[in-house]
>>> print(open('protein-v9.csv').read())   # CSV, C-alpha atoms
chain,number,residue,atom,x,y,z
A,1,MET,CA,18.8,-23.3,5.0
A,2,PRO,CA,17.1,-19.8,4.7
A,3,LYS,CA,19.4,-16.9,4.0
A,4,ALA,CA,20.0,-14.6,7.0
A,5,PRO,CA,18.8,-11.1,6.6
A,6,ASP,CA,21.4,-8.6,5.4
A,7,SER,CA,22.3,-6.9,8.7
A,8,ASN,CA,24.2,-4.1,6.9
A,9,ARG,CA,20.9,-2.6,5.6
A,10,ARG,CA,19.5,0.3,7.6
A,11,ILE,CA,15.8,0.8,8.4
A,12,ILE,CA,14.2,3.5,6.3
A,13,LEU,CA,10.6,3.0,7.3
A,14,ALA,CA,8.5,1.3,10.0
A,15,GLY,CA,4.7,1.2,10.0
A,16,ALA,CA,2.0,-0.3,7.8
A,17,ASN,CA,0.9,-0.1,4.2
A,18,PRO,CA,-2.4,-1.9,3.5
A,19,GLY,CA,-3.5,-1.8,-0.1
A,20,LEU,CA,-6.1,-2.8,-2.7
A,21,ARG,CA,-6.8,-3.3,-6.3
A,22,LEU,CA,-10.4,-3.5,-7.6
A,23,PHE,CA,-11.2,-5.2,-10.9
A,24,ASP,CA,-14.0,-5.1,-13.4
A,25,THR,CA,-15.6,-8.3,-14.7
A,26,ASP,CA,-13.0,-8.5,-17.6
A,27,GLY,CA,-10.2,-8.5,-15.1
A,28,LYS,CA,-9.1,-4.9,-15.7
A,29,VAL,CA,-8.0,-2.8,-12.8
A,30,THR,CA,-10.5,-0.1,-11.9
A,31,ALA,CA,-8.9,1.3,-8.8
A,32,PHE,CA,-5.7,1.1,-6.8
A,33,ALA,CA,-5.2,2.4,-3.2
A,34,SER,CA,-2.1,2.4,-1.0
A,35,ILE,CA,-2.8,3.4,2.6
A,36,TRP,CA,0.2,4.4,4.7
A,37,MET,CA,0.5,4.6,8.5
A,38,VAL,CA,4.2,5.5,9.0
A,39,ASP,CA,5.3,5.2,12.6
A,40,TRP,CA,8.9,6.3,11.7
A,41,SER,CA,10.8,6.9,8.5
A,42,ILE,CA,13.8,8.8,7.2
A,43,CYS,CA,11.3,11.4,5.9
A,44,GLY,CA,9.1,11.6,9.0
A,45,ALA,CA,5.9,10.0,10.4
A,46,GLY,CA,2.3,10.3,9.5
A,47,THR,CA,-0.6,8.9,7.4
A,48,ALA,CA,-1.2,9.1,3.7
A,49,VAL,CA,-3.4,7.7,0.9
A,50,VAL,CA,-2.3,7.2,-2.7
A,51,LEU,CA,-5.2,6.5,-5.0
A,52,TRP,CA,-5.3,5.7,-8.7
A,53,PHE,CA,-8.7,5.9,-10.3
A,54,ASP,CA,-9.7,6.7,-13.9
A,55,GLY,CA,-6.1,7.5,-14.9
A,56,ILE,CA,-5.7,10.1,-12.1
A,57,VAL,CA,-3.2,9.7,-9.2
A,58,ARG,CA,-4.1,11.5,-6.0
A,59,VAL,CA,-1.8,11.7,-2.9
A,60,VAL,CA,-3.5,12.9,0.3
A,61,SER,CA,-1.7,13.6,3.6
A,62,GLU,CA,-1.2,16.3,6.2
A,63,ASP,CA,2.5,16.0,5.5
A,64,VAL,CA,2.7,16.4,1.7
A,65,ASP,CA,6.5,15.9,1.7
A,66,LEU,CA,6.2,12.5,3.4
A,67,ALA,CA,3.3,11.5,1.1
A,68,SER,CA,5.2,12.6,-2.0
A,69,TRP,CA,8.2,10.5,-1.0
A,70,LEU,CA,6.0,7.5,-0.3
A,71,GLU,CA,4.4,7.8,-3.7
A,72,ARG,CA,7.7,8.3,-5.6
A,73,TYR,CA,10.0,6.0,-3.6
A,74,PHE,CA,7.7,3.1,-3.0
A,75,VAL,CA,4.3,3.1,-4.7
A,76,ARG,CA,5.5,3.8,-8.3
A,77,SER,CA,7.7,0.6,-8.0
A,78,PHE,CA,4.9,-1.7,-6.8
A,79,LEU,CA,4.0,-4.5,-9.1
A,80,GLU,CA,0.3,-3.7,-8.5
A,81,VAL,CA,0.7,-0.4,-10.5
A,82,GLN,CA,2.7,-1.8,-13.4
A,83,GLY,CA,0.8,-1.2,-16.6
A,84,LEU,CA,-1.5,1.5,-15.1
A,85,PRO,CA,-1.2,5.0,-16.7
A,86,TRP,CA,0.7,6.6,-13.9
A,87,HIS,CA,0.8,10.4,-14.3
A,88,GLU,CA,2.3,12.9,-11.9
A,89,PRO,CA,0.0,13.0,-8.9
A,90,ALA,CA,-2.3,15.6,-7.6
A,91,VAL,CA,-0.9,16.2,-4.1
A,92,GLU,CA,-3.5,17.4,-1.5
A,93,ARG,CA,-2.8,18.5,2.1
A,94,ASP,CA,-5.7,17.1,4.1
A,95,LEU,CA,-6.3,15.0,7.2
A,96,VAL,CA,-6.0,11.2,6.8
A,97,GLN,CA,-7.8,9.1,9.4
A,98,VAL,CA,-7.2,5.3,9.5
A,99,SER,CA,-8.6,2.7,11.8
A,100,MET,CA,-7.3,-0.8,11.3
A,101,ASN,CA,-7.0,-4.1,13.1
A,102,LEU,CA,-6.2,-7.6,11.9
A,103,ALA,CA,-9.5,-9.0,13.3
A,104,ASP,CA,-12.0,-6.7,11.6
A,105,GLY,CA,-10.4,-4.7,8.8
A,106,LEU,CA,-9.8,-1.1,7.9
A,107,SER,CA,-11.6,2.2,7.5
A,108,ALA,CA,-9.8,5.2,6.0
A,109,LYS,CA,-10.9,8.7,5.2
A,110,ALA,CA,-8.7,11.2,3.2
A,111,ALA,CA,-10.3,14.4,1.9
A,112,ASP,CA,-13.4,13.1,-0.1
A,113,ILE,CA,-12.0,9.5,-0.3
A,114,GLN,CA,-13.5,6.7,1.8
A,115,ILE,CA,-11.9,3.2,1.9
A,116,GLU,CA,-13.4,0.2,3.7
A,117,MET,CA,-11.7,-3.3,3.9
A,118,GLY,CA,-13.0,-6.3,5.7
A,119,GLY,CA,-13.4,-10.1,5.9
A,120,VAL,CA,-9.9,-11.0,7.0
A,121,LEU,CA,-9.0,-14.4,5.4
A,122,ASP,CA,-5.6,-15.1,7.0
A,123,ARG,CA,-2.6,-13.6,8.8
A,124,ARG,CA,0.9,-14.6,8.0
A,125,LEU,CA,4.5,-13.3,8.0
A,126,PHE,CA,6.2,-12.2,4.8
A,127,ALA,CA,9.9,-11.4,4.5
A,128,THR,CA,12.3,-10.8,1.6
A,129,ASP,CA,15.7,-9.3,1.0
A,130,ASP,CA,15.0,-8.9,-2.7
A,131,PHE,CA,12.2,-6.3,-3.1
A,132,GLN,CA,13.0,-4.1,-6.1
A,133,LEU,CA,12.2,-0.4,-5.9
A,134,ALA,CA,13.4,2.3,-8.2
A,135,GLU,CA,16.3,3.0,-5.8
A,136,GLY,CA,17.5,-0.6,-5.9
A,137,ASN,CA,17.1,-3.7,-3.8
A,138,HIS,CA,15.4,-3.5,-0.4
A,139,SER,CA,14.5,-5.8,2.5
A,140,LEU,CA,10.9,-6.0,3.6
A,141,SER,CA,9.3,-7.8,6.5
A,142,LEU,CA,5.6,-7.6,7.5
A,143,VAL,CA,2.5,-9.4,8.7
A,144,ILE,CA,0.0,-9.5,5.9
A,145,ALA,CA,-3.7,-10.2,6.1
A,146,PRO,CA,-5.6,-10.7,2.8
A,147,VAL,CA,-9.2,-9.6,3.0
A,148,ARG,CA,-12.4,-10.7,1.2
A,149,SER,CA,-13.9,-7.3,0.4
A,150,ALA,CA,-13.0,-3.7,-0.2
A,151,THR,CA,-14.7,-0.6,-1.4
A,152,VAL,CA,-13.6,2.9,-2.4
A,153,SER,CA,-15.8,5.9,-2.7
A,154,ILE,CA,-15.0,9.4,-3.9
A,155,GLY,CA,-17.3,12.2,-2.9
A,156,GLY,CA,-19.9,9.6,-1.7
A,157,ALA,CA,-20.0,7.8,-5.1
A,158,GLY,CA,-18.8,4.2,-5.1
A,159,VAL,CA,-15.9,3.3,-7.4
A,160,PRO,CA,-16.7,0.3,-9.6
A,161,GLY,CA,-14.9,-2.9,-9.1
A,162,LEU,CA,-14.4,-5.9,-6.9
A,163,VAL,CA,-11.6,-7.6,-5.0
A,164,GLN,CA,-10.1,-10.7,-6.6
A,165,VAL,CA,-9.7,-13.5,-4.0
A,166,ASP,CA,-7.6,-16.5,-5.0
A,167,GLY,CA,-5.1,-19.0,-3.5
A,168,SER,CA,-6.1,-22.0,-1.4
A,169,ALA,CA,-8.0,-22.5,1.9
A,170,ASP,CA,-4.6,-23.0,3.6
A,171,ARG,CA,-3.1,-19.9,2.0
A,172,PRO,CA,-5.7,-17.5,0.6
A,173,GLY,CA,-4.7,-14.5,-1.4
A,174,SER,CA,-6.5,-11.3,-2.3
A,175,SER,CA,-6.0,-8.1,-4.3
A,176,ALA,CA,-6.8,-6.3,-1.0
A,177,PHE,CA,-4.8,-6.8,2.1
A,178,LEU,CA,-3.9,-5.3,5.5
A,179,THR,CA,-0.3,-5.1,6.8
A,180,THR,CA,1.3,-4.4,10.1
A,181,ALA,CA,4.8,-4.6,11.6
A,182,GLU,CA,6.1,-3.4,8.2
A,183,VAL,CA,9.8,-2.7,8.1
A,184,TRP,CA,11.7,-1.5,5.0
A,185,ARG,CA,15.5,-1.6,4.9
A,186,ARG,CA,18.0,-0.5,2.2
>>> encode(input="protein-v9.csv", output="structure tokens")
Amino acid sequence: MPKAPDSNRRIILAGANPGLRLFDTDGKVTAFASIWMVDWSICGAGTAVVLWFDGIVRVVSEDVDLASWLERYFVRSFLEVQGLPWHEPAVERDLVQVSMNLADGLSAKAADIQIEMGGVLDRRLFATDDFQLAEGNHSLSLVIAPVRSATVSIGGAGVPGLVQVDGSADRPGSSAFLTTAEVWRR
């Protein structure tokens, strides 16, 4: 029988956090992006992009306090960034525009960064009461939609790398994904 969610945990964030990793032909990560659309959190609401490319971490948002918290509290702990040289980020105050739906994909613009994701492969529910962040164990539930393709450009120049698609026809996986109905609890 599945374990019931820990009802003593309180919600700290509700929103969406699509993300991507691009890889070169040798399987080395060339870029990582975490796109945040926060409907509500203990640190406010808003949009943000965290981008790692070429050893540089950029955090872009109109609300730099919220964006800095997202990068520190969540992104630094994600398995996708483990092993990347993660230096203190350059935090930039700028408009972040995101358009996303689970039928078509995502388009995001933050300062001179443009991110496109498409080719939705699946949509499924994910939930765990055992997501480790630097601040300890958290609960997470969301709808995830792995995608076939993603691109990142900076200042109009395309970042090298491709999405890695894996899994099976019944349960495809990808290094790029959309999320919605995302709830974090601690």
>>> closest_residue(input="protein-v9.csv", among="A:Leu178, A:Ala90, A:Val60, A:Ala127", to="Ile113 of chain A", atoms="only C-alpha atoms")
A:Val60
>>> closest_residue(input="protein-v9.csv", among="A:Val50, A:Val91, A:Ser174, A:Val81", to="Asp65 of chain A", atoms="only C-alpha atoms")
A:Val91
>>> residues_around(input="protein-v9.csv", residues="segment 22-36 of chain A", least_positions_apart="2", cutoff="6 Å", atoms="all atoms listed in the file", output="number ranges by chain")
A: 16-20, 38, 47-53, 161-163
>>> closest_residue(input="protein-v9.csv", among="A:Val143, A:Asp129, A:Ile154, A:Val159", to="Asn8 of chain A", atoms="all atoms listed in the file")
A:Asp129
>>> residues_near_point(input="protein-v9.csv", point="(10.8, -4.5, 11.9)", cutoff="9 Å", atoms="all atoms listed in the file", output="NGL selection string")
:A and (11 or 13-15 or 140-142 or 181-185)
>>> atom_distance(input="protein-v9.csv", atom1="atom CA of Gly158 of chain A", atom2="atom CA of Ser61 of chain A")
21.4 Å
>>> closest_residue(input="protein-v9.csv", among="A:Leu125, A:Met100, A:Gly44, A:Gln132", to="Val64 of chain A", atoms="only C-alpha atoms")
A:Gly44
>>> atom_distance(input="protein-v9.csv", atom1="atom CA of Ala111 of chain A", atom2="atom CA of Gly83 of chain A")
26.6 Å
>>> closest_residue(input="protein-v9.csv", among="A:Ile56, A:Arg9, A:Ser153, A:Gly118", to="Leu84 of chain A", atoms="only C-alpha atoms")
A:Ile56
>>> residues_near_point(input="protein-v9.csv", point="(13.3, 3.6, -7.4)", cutoff="8 Å", atoms="only C-alpha atoms", output="number ranges by chain")
A: 72-74, 76-77, 132-136
>>> closest_residue(input="protein-v9.csv", among="A:Ser68, A:Thr180, A:Ser107, A:Ser175", to="Ile144 of chain A", atoms="all atoms listed in the file")
A:Thr180
>>> axis_aligned_box(input="protein-v9.csv", around="segment 100-106 of chain A", padding_each_side="6 Å", output="AutoDock Vina command-line options")
--center_x -9.1 --center_y -4.9 --center_z 10.6 --size_x 17.8 --size_y 20.2 --size_z 17.4
>>> build_atoms(input="protein-v9.csv", residues="segment 117-137 of chain A", atoms="N, CA and C atoms", output="PDB file, in the frame of the given file")
ATOM      1  N   MET A 117     -12.232  -1.955   4.143  1.00  0.00           N
ATOM      2  CA  MET A 117     -11.700  -3.300   3.900  1.00  0.00           C
ATOM      3  C   MET A 117     -12.141  -4.211   4.990  1.00  0.00           C
ATOM      4  N   GLY A 118     -12.594  -5.431   4.652  1.00  0.00           N
ATOM      5  CA  GLY A 118     -13.000  -6.300   5.700  1.00  0.00           C
ATOM      6  C   GLY A 118     -13.014  -7.789   5.261  1.00  0.00           C
ATOM      7  N   GLY A 119     -13.385  -8.659   6.209  1.00  0.00           N
ATOM      8  CA  GLY A 119     -13.400 -10.100   5.900  1.00  0.00           C
ATOM      9  C   GLY A 119     -12.013 -10.671   5.884  1.00  0.00           C
ATOM     10  N   VAL A 120     -11.256 -10.542   6.972  1.00  0.00           N
ATOM     11  CA  VAL A 120      -9.900 -11.000   7.000  1.00  0.00           C
ATOM     12  C   VAL A 120      -9.872 -12.548   6.778  1.00  0.00           C
ATOM     13  N   LEU A 121      -9.061 -12.988   5.817  1.00  0.00           N
ATOM     14  CA  LEU A 121      -9.000 -14.400   5.400  1.00  0.00           C
ATOM     15  C   LEU A 121      -7.863 -15.161   6.096  1.00  0.00           C
ATOM     16  N   ASP A 122      -6.799 -14.470   6.465  1.00  0.00           N
ATOM     17  CA  ASP A 122      -5.600 -15.100   7.000  1.00  0.00           C
ATOM     18  C   ASP A 122      -4.685 -14.055   7.566  1.00  0.00           C
ATOM     19  N   ARG A 123      -3.699 -14.482   8.331  1.00  0.00           N
ATOM     20  CA  ARG A 123      -2.600 -13.600   8.800  1.00  0.00           C
ATOM     21  C   ARG A 123      -1.358 -14.416   8.751  1.00  0.00           C
ATOM     22  N   ARG A 124      -0.333 -13.857   8.076  1.00  0.00           N
ATOM     23  CA  ARG A 124       0.900 -14.600   8.000  1.00  0.00           C
ATOM     24  C   ARG A 124       2.091 -13.622   7.800  1.00  0.00           C
ATOM     25  N   LEU A 125       3.271 -14.125   8.102  1.00  0.00           N
ATOM     26  CA  LEU A 125       4.500 -13.300   8.000  1.00  0.00           C
ATOM     27  C   LEU A 125       5.013 -13.397   6.562  1.00  0.00           C
ATOM     28  N   PHE A 126       5.509 -12.264   6.075  1.00  0.00           N
ATOM     29  CA  PHE A 126       6.200 -12.200   4.800  1.00  0.00           C
ATOM     30  C   PHE A 126       7.500 -11.483   4.986  1.00  0.00           C
ATOM     31  N   ALA A 127       8.562 -12.014   4.375  1.00  0.00           N
ATOM     32  CA  ALA A 127       9.900 -11.400   4.500  1.00  0.00           C
ATOM     33  C   ALA A 127      10.665 -11.670   3.202  1.00  0.00           C
ATOM     34  N   THR A 128      11.395 -10.660   2.727  1.00  0.00           N
ATOM     35  CA  THR A 128      12.300 -10.800   1.600  1.00  0.00           C
ATOM     36  C   THR A 128      13.433  -9.846   1.689  1.00  0.00           C
ATOM     37  N   ASP A 129      14.576 -10.238   1.144  1.00  0.00           N
ATOM     38  CA  ASP A 129      15.700  -9.300   1.000  1.00  0.00           C
ATOM     39  C   ASP A 129      15.894  -8.906  -0.433  1.00  0.00           C
ATOM     40  N   ASP A 130      14.854  -9.137  -1.254  1.00  0.00           N
ATOM     41  CA  ASP A 130      15.000  -8.900  -2.700  1.00  0.00           C
ATOM     42  C   ASP A 130      13.725  -8.170  -3.226  1.00  0.00           C
ATOM     43  N   PHE A 131      13.350  -7.053  -2.615  1.00  0.00           N
ATOM     44  CA  PHE A 131      12.200  -6.300  -3.100  1.00  0.00           C
ATOM     45  C   PHE A 131      12.786  -5.109  -3.915  1.00  0.00           C
ATOM     46  N   GLN A 132      12.482  -5.106  -5.203  1.00  0.00           N
ATOM     47  CA  GLN A 132      13.000  -4.100  -6.100  1.00  0.00           C
ATOM     48  C   GLN A 132      12.183  -2.823  -6.080  1.00  0.00           C
ATOM     49  N   LEU A 133      12.826  -1.723  -5.747  1.00  0.00           N
ATOM     50  CA  LEU A 133      12.200  -0.400  -5.900  1.00  0.00           C
ATOM     51  C   LEU A 133      13.110   0.382  -6.851  1.00  0.00           C
ATOM     52  N   ALA A 134      12.661   1.541  -7.257  1.00  0.00           N
ATOM     53  CA  ALA A 134      13.400   2.300  -8.200  1.00  0.00           C
ATOM     54  C   ALA A 134      14.834   2.631  -7.686  1.00  0.00           C
ATOM     55  N   GLU A 135      14.963   2.733  -6.373  1.00  0.00           N
ATOM     56  CA  GLU A 135      16.300   3.000  -5.800  1.00  0.00           C
ATOM     57  C   GLU A 135      17.081   1.789  -5.501  1.00  0.00           C
ATOM     58  N   GLY A 136      16.686   0.633  -6.063  1.00  0.00           N
ATOM     59  CA  GLY A 136      17.500  -0.600  -5.900  1.00  0.00           C
ATOM     60  C   GLY A 136      16.796  -1.632  -5.034  1.00  0.00           C
ATOM     61  N   ASN A 137      17.591  -2.565  -4.598  1.00  0.00           N
ATOM     62  CA  ASN A 137      17.100  -3.700  -3.800  1.00  0.00           C
ATOM     63  C   ASN A 137      16.922  -3.366  -2.360  1.00  0.00           C
TER      64      ASN A 137
END
